[in-house]
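Okay, so here's the structure we're looking at.
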Amino acid sequence: MRRVVGVTERVLETPSTVTLRFPFSPPAVPGQFVMLWIPGDDEIPMSLSFTDGETKGVTVKAMGTTSAAIQSIGPGTPVGVRGPYGNRFDLSPRRILIVGGGSGAAVLAPAADAAIARGSRVTVALGATEAAELLFRRRFEGMGARVEVATDDGSEGTHGFVTVVAERLLATDSFDAVWTCGPEVMMRKVAVAARASRTPTFCAVERHMKCALGMCDACALGPLHVCVDGPVFPAEQLLAIPEFARWHRDASGRRVEFGHR
Amino acid sequence: MRRVVGVTERVLETPSTVTLRFPFSPPAVPGQFVMLWIPGDDEIPMSLSFTDGETKGVTVKAMGTTSAAIQSIGPGTPVGVRGPYGNRFDLSPRRILIVGGGSGAAVLAPAADAAIARGSRVTVALGATEAAELLFRRRFEGMGARVEVATDDGSEGTHGFVTVVAERLLATDSFDAVWTCGPEVMMRKVAVAARASRTPTFCAVERHMKCALGMCDACALGPLHVCVDGPVFPAEQLLAIPEFARWHRDASGRRVEFGHR
Amino acid sequence: MAELATRVGTLSLRNPFLLASGIWGESGESLAGAWGAGAGGVITKSIGTSARAGFPNPTVEQYGKWGMLNAMGLPNPGIDEYPREIEVALRAGATVIGSIFGGAAEEFATLARRMAATGVAALELNLSCPHAEGYGTEVGSDPSDVEEIVRAVVEVVRIPVIAKITPNTSDPAALAAAAERGGAAAVSAINTVRGLAIDVRLRRPVLAHGLGGLSGPAIKPVGLACVWQIYERVRIPIIGVGGISTGQDALEYLMAGARAVEVGTAVTQGGIRVFRRLVRQLSASLGELGIPSAERAVGAAHSAGQADLGARSPARAHIAKPA
Amino acid sequence: MAELATRVGTLSLRNPFLLASGIWGESGESLAGAWGAGAGGVITKSIGTSARAGFPNPTVEQYGKWGMLNAMGLPNPGIDEYPREIEVALRAGATVIGSIFGGAAEEFATLARRMAATGVAALELNLSCPHAEGYGTEVGSDPSDVEEIVRAVVEVVRIPVIAKITPNTSDPAALAAAAERGGAAAVSAINTVRGLAIDVRLRRPVLAHGLGGLSGPAIKPVGLACVWQIYERVRIPIIGVGGISTGQDALEYLMAGARAVEVGTAVTQGGIRVFRRLVRQLSASLGELGIPSAERAVGAAHSAGQADLGARSPARAHIAKPA
Ligand SMILES: Cc1cc2nc3c(=O)[nH]c(=O)nc-3n(C[C@H](O)[C@H](O)[C@H](O)COP(=O)(O)OP(=O)(O)OC[C@H]3O[C@@H](n4cnc5c(N)ncnc54)[C@H](O)[C@@H]3O)c2cc1C
Ligand SMILES: Cc1cc2nc3c(=O)[nH]c(=O)nc-3n(C[C@H](O)[C@H](O)[C@H](O)COP(=O)(O)OP(=O)(O)OC[C@H]3O[C@@H](n4cnc5c(N)ncnc54)[C@H](O)[C@@H]3O)c2cc1C
Ligand SMILES: Cc1cc2nc3c(=O)[nH]c(=O)nc-3n(C[C@H](O)[C@H](O)[C@H](O)COP(=O)(O)O)c2cc1C
Ligand SMILES: Cc1cc2nc3c(=O)[nH]c(=O)nc-3n(C[C@H](O)[C@H](O)[C@H](O)COP(=O)(O)O)c2cc1C
Ligand code: FES
Ligand code: FES
């Protein structure tokens, strides 16, 4: 059921990323997403970056027209929210490596929060274009996670891709699970690296979404539908799908190759 | 919700009256009725003459085309049943006088049964055109009610209308309630007689019915709708309605005067 | 408290909720009862030239709480008998709208004259009953028929004439436009949506007449679409009908362009008390949204809706360059 | 076990349940998945001449479990790109029916030729999408347009051509008859019913496109009525669509006159596993009723229904002499 709610809080997380909080009572778990409707513009899928209690939140990176429009939304603005949809991260592993790139941290942060609350140890490899864009760095640190960063421009931490940090951590430390969200090419690299140590890896995937009800086929990924079967999948399942990290579909259903990073 | 069920039993109660039993699980109470659909013919309101358990029953007097067609229905025949609809007799009074004419005994018998099971004492004044048509006489006796009869032709009991018997009983005995079902002119007489001794009286009324949902207005009786407000009404309420025992409406909604009995 | 009184052309209503035709409409006391229960006005059963029993039972089929199918077959006592029912309702102070149905313009005109003579405040022409051969959709689905019938009626009565539009058409707005050309003071939309139920054990349709008309919550989106399309096309006021069972449903109809609404099937959920609840709920909804009156909500969804459509044409969005 | 295999003209289906167009129909793997889940055949998304993104979101609105409104706006990758999706489904062994939409007969014919070349078993012409300007209802609601389009397509392909009929019309049977004259091997009915949803807080339609199409259980009576009316009018086979979510729903459609059915919105309740359940339920229902095969149920409700109507004309019943 769709609800129209007024935004109660707006936080600029990074220069290009904003968190919106709003009252939304249906229970949700880390990994799930909502369809966020900006009246007069569009309705787009957004992971819940705050899943607890009555006030949920999403954290939006400016990507295109709608996510840019969202940047300028302030308290009081009414938005439509339906969901939550999709599955969840399994919170039971004891030692978890989180690998997040770009806005990927939005879905990983509440998962880390919940895992730590259950007693797990969490290490975060966080990547961004530059230091200022490291999303939820303080939030991860604040919850007691060990955080290692990488920036494309070397303005902080490892100079280069976050996959490099992840590969190093996987080589030196032991983990019971890896959780990752970000560009598919990045997630594939992480999954391949984790395979060496046989660490179960889970990826949160994005596809174009319309219905979010498992009907319209917009979010098809091989035999899967991301909206109802995902967005969280075991990496083994994804690596077996030829199109994973190679192409996705645009709004018309056409195949579009991913740019290489 | 409508159910299609197979008739399991057929009992000839009197030369013109037949009971059909059929599986029908929704709970029902004495006073309530169902809409009985004879496929290919019509759907007509019928009081439940057996309200207990999974096998309910109706007792139908041949009046017109459909009720005549029902007479020839045998075990196995599928019929449609929806309901139960309507209200109920209040079973709490300790000493009850029942006054039934014609097929009126159909709705009164299960009510008497239930009242006696609760410990009430029941007296029945039963009327019919002739002795053979005295509906449920044995059933009333079998449950321990005191039964007094009247026949139009004097073939048994009081020669004349059952109202005469009722008036006598009301004059000589004390009752906490009177229940009556039959032609409205008869019920009015009973109600007027009971008024003298201030005995609360309840009448089960019949009107042309179509929807049985309180919508189509076919069953309008003054400000009341028999299908949802009734069929059981306090006599005081009915006596205040000028059309009671004077006219009813046909299937077109036209007013039709009752023939005088 | 938001103001609920509304006007449909020259017809003043104490609130926007009318009892729909065919519900509680055979007896004058029922009409009076609906008025007493808080309806803003009551519409009679559709009345024809002579008494009709309607179709045999079964005449209704219920679908949970979300829908109902009926084929009553226009039972009515006929225009000779019916005035005394109207008299009862008028004596109770009710705002009564007389509904009539017929097979051709002339029959409508005759009925209209006689119905108007009873003292009703307005007439509703049932141009849209989907299940009576020779009546209803057959006359109501051709714009030129609609125009002719409305014109014939308007010529013989002085009270406002409301044309009730069928949803069983490719272009409801064209029918409304025809009614407007014919001189209708208002249109009401919609009547029931053509439907059928089958019992598989009996291998036959459930309703004795076979085809029937769907009503209740299931048709609210259909009614809203018709009202929306009609509002974009005609200038005369619109009365919304179809699946209204809460104050918010009614507000949706107002925002789609209706100035008043009719309520039918909702009466089966808790009885005639529904009117009091609807009035309370609409008033509360308007209050919460800071809308001072029901009339101010009329058509409110159109400006925003239009803007959207302009801003994001299908051509614009989300087609990547071919891979 | 009742026999479920059925034939629609020359098209053989292993069971009567087809995946409806627009559901799981953009990717070949999804079509293959529906086949693998037990569908008797799969119908592709309606494909047009070039890529279309469709309307912006929101494109869907849900009403509990009983209905859904959508205005996808015919998103599709276009006929140049789509053959490789069909190839995936055909490789999986699926019986694939290719759906196409266009603005005029010529466009349909071109698309039909190209779609037929992919190796699909039949074509379905979407003559009935209610919410794309210039397409859908606008071409599908006029019998002469329908006849012309069907004829143009039939002339250029050898596989069976199925015309999909809109319910948004006063006379669906007339449209089916036109398709029959044009040479259609079958008709399917219905597409979605025109509808609209409004959000009162935002004072605007919910769907970005405004108008949409209603699907799901709410429209089952509407689809049954269309199939019933079409069966009485044409001799070509009918495929029933609209609100089917149980085996009994499908049996109702068969008895109303359909030889096969399509299933769309039901996929949102528990996923594609619905096909396995439908097959099981239909088989059980037929068994209980002692009907040996799905084909034997086709049209079964018509003889009884007709008898009724004859036996009890409205004139007959229950009018007493005036008092
Ligand atoms: C399950 C899921 C969770 C997501 N969570 C987040 C999140 O927490 N934070 C975040 O910043 N982003 C998230 N996204 C991505 C976000 O939905 C897109 O970035 C957003 O839709 C872009 O919209 P736009 O109008 O700004 O882009 P546009 O200008 O319309 O296009 C830019 C690109 O955005 C993508 N996009 C556009 N519309 C959609 C759509 N309906 N569905 C999916 N992708 C679309 C397309 O790839 C498109 O090429 C998530 C996506 C999915 C599928
Ligand atoms: C609440 C209620 C409970 C009833 N319980 C019983 C019962 O237990 N036993 C019993 O024998 N009868 C009962 N009746 C009466 C029974 O419904 C009618 O006698 C029956 O409908 C006659 O149908 P018919 O086709 O045989 O008559 P028709 O030949 O159609 O007409 C004969 C008369 O029957 C009445 N009638 C016809 N159709 C209806 C209808 N749809 N609704 C009401 N009256 C109708 C009319 O007054 C009509 O004039 C009950 C009626 C009601 C309203
Ligand atoms: C039992 C029943 C009888 C009806 N009779 C009439 C009628 O006589 N004339 C008419 O114009 N509409 C008639 N209608 C249609 C209603 O007035 C209304 O248009 C329709 O039911 C949709 O509204 P709802 O969903 O609120 O019921 C009838 C509807 C029902 C359910
Ligand atoms: C999301 C969605 C998309 C649809 N797209 C198409 C389409 O592209 N072509 C078409 O002919 N019908 C389309 N339809 C209509 C369905 O094929 C079907 O006729 C309708 O939904 C009724 O069936 P249902 O109640 O089982 O869903 C679509 C329906 C839905 C719900
Ligand atoms: S978004 Fe429609 S199937 Fe996933
Ligand atoms: S039978 Fe329809 S209102 Fe009572």
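Residue names in the structure tokens use chain letters A, B, ... in the order shown, residue numbers from 1 in each chain, and ligand numbers from 1 in the order shown.
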For ligand 6, collect every residue having any atom at a distance of at most 6 Å from a ligand atom (counting only C-alpha atoms and all ligand atoms); output as a PDB file with N, CA and C atoms, in the first residue's frame.
```
ATOM      1  N   MET B 209     -38.827 -10.683  -1.302  1.00  0.00           N
ATOM      2  CA  MET B 209     -37.401 -10.447  -1.130  1.00  0.00           C
ATOM      3  C   MET B 209     -36.635 -10.706  -2.409  1.00  0.00           C
ATOM      4  N   LYS B 210     -35.641  -9.859  -2.627  1.00  0.00           N
ATOM      5  CA  LYS B 210     -34.767 -10.048  -3.778  1.00  0.00           C
ATOM      6  C   LYS B 210     -33.307 -10.114  -3.323  1.00  0.00           C
ATOM      7  N   CYS B 211     -32.796  -9.010  -2.805  1.00  0.00           N
ATOM      8  CA  CYS B 211     -31.364  -8.999  -2.480  1.00  0.00           C
ATOM      9  C   CYS B 211     -31.065  -9.655  -1.137  1.00  0.00           C
ATOM     10  N   ALA B 212     -31.958  -9.506  -0.176  1.00  0.00           N
ATOM     11  CA  ALA B 212     -31.738  -9.966   1.202  1.00  0.00           C
ATOM     12  C   ALA B 212     -30.547  -9.260   1.845  1.00  0.00           C
ATOM     13  N   LEU B 213     -30.132  -8.145   1.262  1.00  0.00           N
ATOM     14  CA  LEU B 213     -28.946  -7.426   1.747  1.00  0.00           C
ATOM     15  C   LEU B 213     -29.279  -6.014   2.220  1.00  0.00           C
ATOM     16  N   GLY B 214     -30.564  -5.700   2.273  1.00  0.00           N
ATOM     17  CA  GLY B 214     -30.940  -4.370   2.744  1.00  0.00           C
ATOM     18  C   GLY B 214     -30.705  -3.279   1.725  1.00  0.00           C
ATOM     19  N   MET B 215     -30.768  -3.610   0.460  1.00  0.00           N
ATOM     20  CA  MET B 215     -30.398  -2.661  -0.587  1.00  0.00           C
ATOM     21  C   MET B 215     -31.538  -2.374  -1.546  1.00  0.00           C
ATOM     22  N   CYS B 216     -32.202  -3.427  -2.049  1.00  0.00           N
ATOM     23  CA  CYS B 216     -33.093  -3.253  -3.206  1.00  0.00           C
ATOM     24  C   CYS B 216     -34.449  -2.685  -2.837  1.00  0.00           C
ATOM     25  N   ASP B 217     -34.799  -2.707  -1.567  1.00  0.00           N
ATOM     26  CA  ASP B 217     -36.049  -2.119  -1.075  1.00  0.00           C
ATOM     27  C   ASP B 217     -37.269  -3.000  -1.333  1.00  0.00           C
ATOM     28  N   ALA B 218     -37.076  -4.181  -1.920  1.00  0.00           N
ATOM     29  CA  ALA B 218     -38.244  -5.028  -2.222  1.00  0.00           C
ATOM     30  C   ALA B 218     -39.029  -5.358  -0.957  1.00  0.00           C
ATOM     31  N   CYS B 219     -38.310  -5.532   0.158  1.00  0.00           N
ATOM     32  CA  CYS B 219     -38.941  -6.036   1.374  1.00  0.00           C
ATOM     33  C   CYS B 219     -39.347  -4.926   2.338  1.00  0.00           C
ATOM     34  N   HIS B 225     -36.807  -2.748   6.853  1.00  0.00           N
ATOM     35  CA  HIS B 225     -36.498  -3.699   5.797  1.00  0.00           C
ATOM     36  C   HIS B 225     -36.450  -5.081   6.437  1.00  0.00           C
ATOM     37  N   VAL B 226     -37.389  -5.918   6.023  1.00  0.00           N
ATOM     38  CA  VAL B 226     -37.558  -7.197   6.705  1.00  0.00           C
ATOM     39  C   VAL B 226     -36.299  -8.053   6.612  1.00  0.00           C
ATOM     40  N   CYS B 227     -35.556  -7.934   5.503  1.00  0.00           N
ATOM     41  CA  CYS B 227     -34.411  -8.830   5.310  1.00  0.00           C
ATOM     42  C   CYS B 227     -33.284  -8.556   6.294  1.00  0.00           C
TER      43      CYS B 227
END
```
Next on the checklist: Using DSSP secondary structure from the backbone, list all alpha helix (DSSP H) positions within segment 63-254 of chain D, as a PyMOL selection string.
Outcome noted: chain D and resi 83-91+105-116+137-140+143-156+172-182+220-231+247-254
Item to check | Residue nearest chain D among C:Val227, C:Leu123, C:Ile198, C:Ile190 (counting only C-alpha atoms) | outcome: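 Between C:Val227, C:Leu123, C:Ile198, C:Ile190, the residue approaching chain D most closely is C:Ile198.
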Checklist entry - What residues in segment 19-219 of chain B get the DSSP label strand (DSSP E)? Please answer as a ChimeraX atom specification. => result /B:19-23,33-38,42-50,55-61,78-85,95-101,121-128,146-151,158-159,177-181,201-204
Item to check | Interface residues on chain B facing chain D, 10 Å, only C-alpha atoms, written as a ChimeraX atom specification | outcome: /B:39-42,64-65,208,247,249-258
With all heavy atoms retained, export the selected residues as a compact mmCIF listing (two decimals), in the first residue's frame.
```
# COMPACT_ATOMS: atom_id res chain seq x y z
N PRO B 39 -32.19 -23.87 -9.22
CA PRO B 39 -31.61 -23.47 -10.50
C PRO B 39 -32.60 -23.64 -11.65
O PRO B 39 -33.25 -24.68 -11.76
CB PRO B 39 -30.41 -24.42 -10.66
CG PRO B 39 -30.05 -24.79 -9.26
CD PRO B 39 -31.34 -24.85 -8.52
N GLY B 40 -32.70 -22.62 -12.47
CA GLY B 40 -33.61 -22.66 -13.60
C GLY B 40 -34.99 -22.16 -13.25
O GLY B 40 -35.83 -21.98 -14.12
N ASP B 41 -35.22 -21.92 -11.95
CA ASP B 41 -36.54 -21.46 -11.55
C ASP B 41 -36.43 -20.10 -10.87
O ASP B 41 -36.45 -19.06 -11.54
CB ASP B 41 -37.19 -22.51 -10.65
CG ASP B 41 -38.68 -22.27 -10.50
OD1 ASP B 41 -39.06 -21.11 -10.32
OD2 ASP B 41 -39.46 -23.24 -10.56
N ASP B 42 -36.23 -20.08 -9.57
CA ASP B 42 -36.24 -18.81 -8.84
C ASP B 42 -35.43 -18.98 -7.57
O ASP B 42 -35.00 -20.10 -7.25
CB ASP B 42 -37.70 -18.44 -8.50
CG ASP B 42 -37.91 -16.94 -8.29
OD1 ASP B 42 -36.92 -16.21 -8.08
OD2 ASP B 42 -39.07 -16.51 -8.33
N GLY B 64 -46.91 -21.23 -4.70
CA GLY B 64 -46.93 -20.80 -6.09
C GLY B 64 -46.02 -21.71 -6.90
O GLY B 64 -45.78 -22.85 -6.51
N THR B 65 -45.49 -21.19 -7.98
CA THR B 65 -44.75 -22.05 -8.91
C THR B 65 -43.47 -22.62 -8.28
O THR B 65 -43.20 -23.80 -8.39
CB THR B 65 -44.38 -21.27 -10.17
OG1 THR B 65 -43.77 -20.05 -9.78
CG2 THR B 65 -45.62 -20.99 -11.01
N HIS B 208 -41.85 -9.68 0.12
CA HIS B 208 -41.16 -10.08 -1.11
C HIS B 208 -39.68 -9.73 -0.96
O HIS B 208 -39.34 -8.65 -0.53
CB HIS B 208 -41.74 -9.36 -2.33
CG HIS B 208 -41.38 -10.09 -3.58
ND1 HIS B 208 -42.19 -11.01 -4.18
CD2 HIS B 208 -40.24 -10.07 -4.32
CE1 HIS B 208 -41.60 -11.52 -5.24
NE2 HIS B 208 -40.40 -10.96 -5.34
N TRP B 247 -51.32 -4.06 3.80
CA TRP B 247 -50.84 -4.33 2.44
C TRP B 247 -49.35 -4.65 2.46
O TRP B 247 -48.64 -4.35 3.41
CB TRP B 247 -51.16 -3.19 1.48
CG TRP B 247 -50.83 -1.80 1.94
CD1 TRP B 247 -51.65 -0.92 2.58
CD2 TRP B 247 -49.58 -1.11 1.76
NE1 TRP B 247 -51.00 0.27 2.81
CE2 TRP B 247 -49.73 0.18 2.32
CE3 TRP B 247 -48.36 -1.45 1.18
CZ2 TRP B 247 -48.71 1.13 2.32
CZ3 TRP B 247 -47.33 -0.52 1.17
CH2 TRP B 247 -47.53 0.76 1.75
N ARG B 249 -45.98 -5.36 -0.70
CA ARG B 249 -45.63 -4.97 -2.07
C ARG B 249 -45.34 -6.20 -2.91
O ARG B 249 -44.73 -7.15 -2.44
CB ARG B 249 -44.39 -4.07 -2.06
CG ARG B 249 -44.64 -2.71 -1.46
CD ARG B 249 -43.36 -1.89 -1.34
NE ARG B 249 -43.58 -0.73 -0.50
CZ ARG B 249 -44.06 0.43 -0.94
NH1 ARG B 249 -44.33 0.59 -2.23
NH2 ARG B 249 -44.25 1.43 -0.12
N ASP B 250 -45.72 -6.13 -4.18
CA ASP B 250 -45.40 -7.24 -5.08
C ASP B 250 -43.99 -7.02 -5.64
O ASP B 250 -43.28 -6.10 -5.23
CB ASP B 250 -46.46 -7.38 -6.19
CG ASP B 250 -46.47 -6.22 -7.15
OD1 ASP B 250 -45.50 -5.40 -7.15
OD2 ASP B 250 -47.43 -6.11 -7.93
N ALA B 251 -43.60 -7.86 -6.58
CA ALA B 251 -42.22 -7.81 -7.09
C ALA B 251 -41.90 -6.49 -7.79
O ALA B 251 -40.74 -6.14 -7.95
CB ALA B 251 -41.97 -8.97 -8.04
N SER B 252 -42.92 -5.76 -8.21
CA SER B 252 -42.68 -4.48 -8.89
C SER B 252 -42.62 -3.33 -7.89
O SER B 252 -42.31 -2.21 -8.27
CB SER B 252 -43.79 -4.21 -9.91
OG SER B 252 -44.96 -3.76 -9.25
N GLY B 253 -42.94 -3.62 -6.63
CA GLY B 253 -42.97 -2.56 -5.63
C GLY B 253 -44.35 -1.97 -5.44
O GLY B 253 -44.54 -1.06 -4.63
N ARG B 254 -45.34 -2.49 -6.18
CA ARG B 254 -46.69 -1.98 -6.02
C ARG B 254 -47.32 -2.47 -4.74
O ARG B 254 -47.10 -3.60 -4.31
CB ARG B 254 -47.57 -2.43 -7.18
CG ARG B 254 -47.40 -1.52 -8.36
CD ARG B 254 -48.57 -1.65 -9.27
NE ARG B 254 -48.69 -3.01 -9.76
CZ ARG B 254 -49.50 -3.36 -10.75
NH1 ARG B 254 -50.26 -2.45 -11.33
NH2 ARG B 254 -49.56 -4.61 -11.14
N ARG B 255 -48.15 -1.62 -4.14
CA ARG B 255 -48.86 -1.99 -2.92
C ARG B 255 -50.00 -2.95 -3.27
O ARG B 255 -50.75 -2.71 -4.21
CB ARG B 255 -49.43 -0.75 -2.26
CG ARG B 255 -48.36 0.29 -1.95
CD ARG B 255 -48.99 1.54 -1.37
NE ARG B 255 -47.97 2.56 -1.16
CZ ARG B 255 -48.23 3.73 -0.56
NH1 ARG B 255 -49.45 4.00 -0.14
NH2 ARG B 255 -47.27 4.60 -0.40
N VAL B 256 -50.09 -4.01 -2.51
CA VAL B 256 -51.14 -5.00 -2.72
C VAL B 256 -51.82 -5.27 -1.37
O VAL B 256 -51.15 -5.62 -0.40
CB VAL B 256 -50.55 -6.33 -3.24
CG1 VAL B 256 -51.66 -7.35 -3.51
CG2 VAL B 256 -49.72 -6.10 -4.49
N GLU B 257 -53.13 -5.08 -1.34
CA GLU B 257 -53.86 -5.32 -0.08
C GLU B 257 -53.86 -6.81 0.26
O GLU B 257 -53.92 -7.65 -0.64
CB GLU B 257 -55.32 -4.87 -0.20
CG GLU B 257 -55.51 -3.47 -0.74
CD GLU B 257 -55.85 -2.47 0.37
OE1 GLU B 257 -56.41 -2.88 1.40
OE2 GLU B 257 -55.53 -1.28 0.18
N PHE B 258 -53.79 -7.12 1.52
CA PHE B 258 -53.93 -8.53 1.93
C PHE B 258 -55.38 -8.93 1.81
O PHE B 258 -56.28 -8.14 2.14
CB PHE B 258 -53.52 -8.71 3.40
CG PHE B 258 -52.04 -8.75 3.58
CD1 PHE B 258 -51.40 -7.73 4.27
CD2 PHE B 258 -51.28 -9.79 3.08
CE1 PHE B 258 -50.03 -7.76 4.46
CE2 PHE B 258 -49.91 -9.82 3.27
CZ PHE B 258 -49.28 -8.81 3.95
```
Please identify every polymer residue within 6 Å of ligand 3, using only C-alpha atoms and all ligand atoms, and present the set as a compact mmCIF listing (two decimals) with N, CA, C and O atoms, in the first residue's frame.
```
# COMPACT_ATOMS: atom_id res chain seq x y z
N CYS B 216 -32.20 -3.43 -2.05
CA CYS B 216 -33.09 -3.25 -3.21
C CYS B 216 -34.45 -2.69 -2.84
O CYS B 216 -35.19 -2.25 -3.71
N ALA C 20 -28.15 6.63 -4.30
CA ALA C 20 -28.15 6.26 -5.72
C ALA C 20 -29.46 5.58 -6.11
O ALA C 20 -30.11 4.93 -5.28
N SER C 21 -29.83 5.72 -7.36
CA SER C 21 -31.06 5.11 -7.85
C SER C 21 -31.00 3.60 -7.74
O SER C 21 -29.99 2.97 -8.04
N GLY C 22 -32.12 3.01 -7.30
CA GLY C 22 -32.21 1.55 -7.22
C GLY C 22 -31.92 1.01 -5.84
O GLY C 22 -32.08 -0.17 -5.59
N ILE C 23 -31.47 1.91 -4.95
CA ILE C 23 -31.18 1.50 -3.59
C ILE C 23 -32.18 2.21 -2.67
O ILE C 23 -32.28 3.43 -2.71
N LYS C 45 -35.86 4.98 -7.35
CA LYS C 45 -35.73 3.86 -8.27
C LYS C 45 -36.08 4.39 -9.66
O LYS C 45 -36.91 5.30 -9.79
N SER C 46 -35.48 3.84 -10.72
CA SER C 46 -35.86 4.27 -12.06
C SER C 46 -37.27 3.78 -12.37
O SER C 46 -37.57 2.60 -12.27
N ASN C 70 -25.54 -7.26 -10.04
CA ASN C 70 -27.00 -7.35 -9.94
C ASN C 70 -27.65 -7.27 -11.31
O ASN C 70 -27.12 -6.66 -12.23
N LEU C 74 -34.87 -3.61 -13.61
CA LEU C 74 -35.72 -2.41 -13.50
C LEU C 74 -37.12 -2.67 -12.97
O LEU C 74 -38.12 -2.20 -13.54
N ASN C 126 -32.05 7.57 -16.58
CA ASN C 126 -31.25 6.34 -16.58
C ASN C 126 -31.02 5.93 -18.04
O ASN C 126 -31.85 5.27 -18.64
N ILE C 190 -20.99 6.79 -12.66
CA ILE C 190 -21.41 5.85 -13.68
C ILE C 190 -22.55 4.96 -13.16
O ILE C 190 -22.77 4.87 -11.96
N ASN C 191 -23.20 4.30 -14.09
CA ASN C 191 -24.05 3.18 -13.73
C ASN C 191 -23.15 1.94 -13.60
O ASN C 191 -21.93 2.07 -13.65
N THR C 192 -23.71 0.79 -13.42
CA THR C 192 -22.90 -0.42 -13.19
C THR C 192 -22.14 -0.85 -14.45
O THR C 192 -22.49 -0.48 -15.56
N SER C 215 -21.08 -3.40 -9.25
CA SER C 215 -21.06 -2.17 -8.46
C SER C 215 -20.16 -2.39 -7.25
O SER C 215 -19.62 -3.48 -7.07
N GLY C 216 -19.99 -1.36 -6.45
CA GLY C 216 -19.17 -1.49 -5.25
C GLY C 216 -17.72 -1.08 -5.49
O GLY C 216 -17.37 -0.64 -6.59
N VAL C 241 -20.48 8.58 -9.29
CA VAL C 241 -21.09 7.37 -8.72
C VAL C 241 -20.20 6.17 -9.00
O VAL C 241 -19.67 6.05 -10.10
N GLY C 242 -20.14 5.28 -8.04
CA GLY C 242 -19.44 4.02 -8.29
C GLY C 242 -18.45 3.70 -7.20
O GLY C 242 -17.38 4.29 -7.12
N GLY C 243 -18.81 2.77 -6.32
CA GLY C 243 -17.86 2.24 -5.35
C GLY C 243 -17.52 3.16 -4.21
O GLY C 243 -16.52 2.95 -3.53
N ILE C 244 -18.32 4.16 -3.96
CA ILE C 244 -18.02 5.06 -2.84
C ILE C 244 -18.47 4.43 -1.53
O ILE C 244 -19.65 4.12 -1.35
N VAL C 263 -24.36 7.21 -3.69
CA VAL C 263 -23.90 6.05 -2.91
C VAL C 263 -24.94 4.94 -3.00
O VAL C 263 -26.11 5.17 -2.69
N GLY C 264 -24.52 3.78 -3.45
CA GLY C 264 -25.45 2.67 -3.61
C GLY C 264 -25.05 1.47 -2.77
O GLY C 264 -25.48 1.30 -1.62
N THR C 265 -24.19 0.66 -3.34
CA THR C 265 -23.84 -0.63 -2.74
C THR C 265 -23.32 -0.52 -1.31
O THR C 265 -23.47 -1.46 -0.52
N ALA C 266 -22.72 0.61 -0.96
CA ALA C 266 -22.17 0.76 0.39
C ALA C 266 -23.24 0.59 1.46
O ALA C 266 -22.93 0.27 2.61
```
Checklist entry - Which residue gives the smallest distance to Ala109 of chain B among B:Tyr85, B:Phe161, B:Phe50, B:Trp37, with only C-alpha atoms counted? => result B:Phe50
Next on the checklist: Could you tell me which residues of chain C sit within 6 Å of chain D when counting only C-alpha atoms, and give me the result as a list in words?
Outcome noted: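 Residues passing the distance filter: Ala53, Gly54, Phe55, Asn168, Thr169, Ser170, Arg194, Gly195, Leu196, Ala197, Ile198, Arg203, Arg204, Pro205, Ala218, Pro221, Val222, Leu224, Ala225, Glu252, Ala300, Ala301, Ala304, Gly305, Pro314 and Ile319 of chain C.
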Next on the checklist: To one decimal place in Å, what is the distance between atom CA of Pro30 of chain B and atom CA of Val164 of chain B?
Outcome noted: 25.8 Å
Checklist entry - So which residues touch Val29 of chain B within 12 Å, counting only C-alpha atoms, skipping near sequence neighbours fewer than 2 positions away, as a PyMOL selection string? => result chain B and resi 26-27+31-34+47-53+56+83-91+107-115+232
Next on the checklist: Restricting the calculation to only C-alpha atoms and all ligand atoms: of D:Asp80, D:Glu87, D:Glu124, D:Glu232, which residue gets closest to ligand 4?
Outcome noted: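 Checking each of D:Asp80, D:Glu87, D:Glu124, D:Glu232 against ligand 4, counting only C-alpha atoms and all ligand atoms, the winner is D:Glu124.
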Next on the checklist: Please list as number ranges by chain every residue within 6 Å of segment 135-149 of chain A, counting only C-alpha atoms and excluding residues in the same chain fewer than 6 positions away.
Outcome noted: A: 122-127, 157
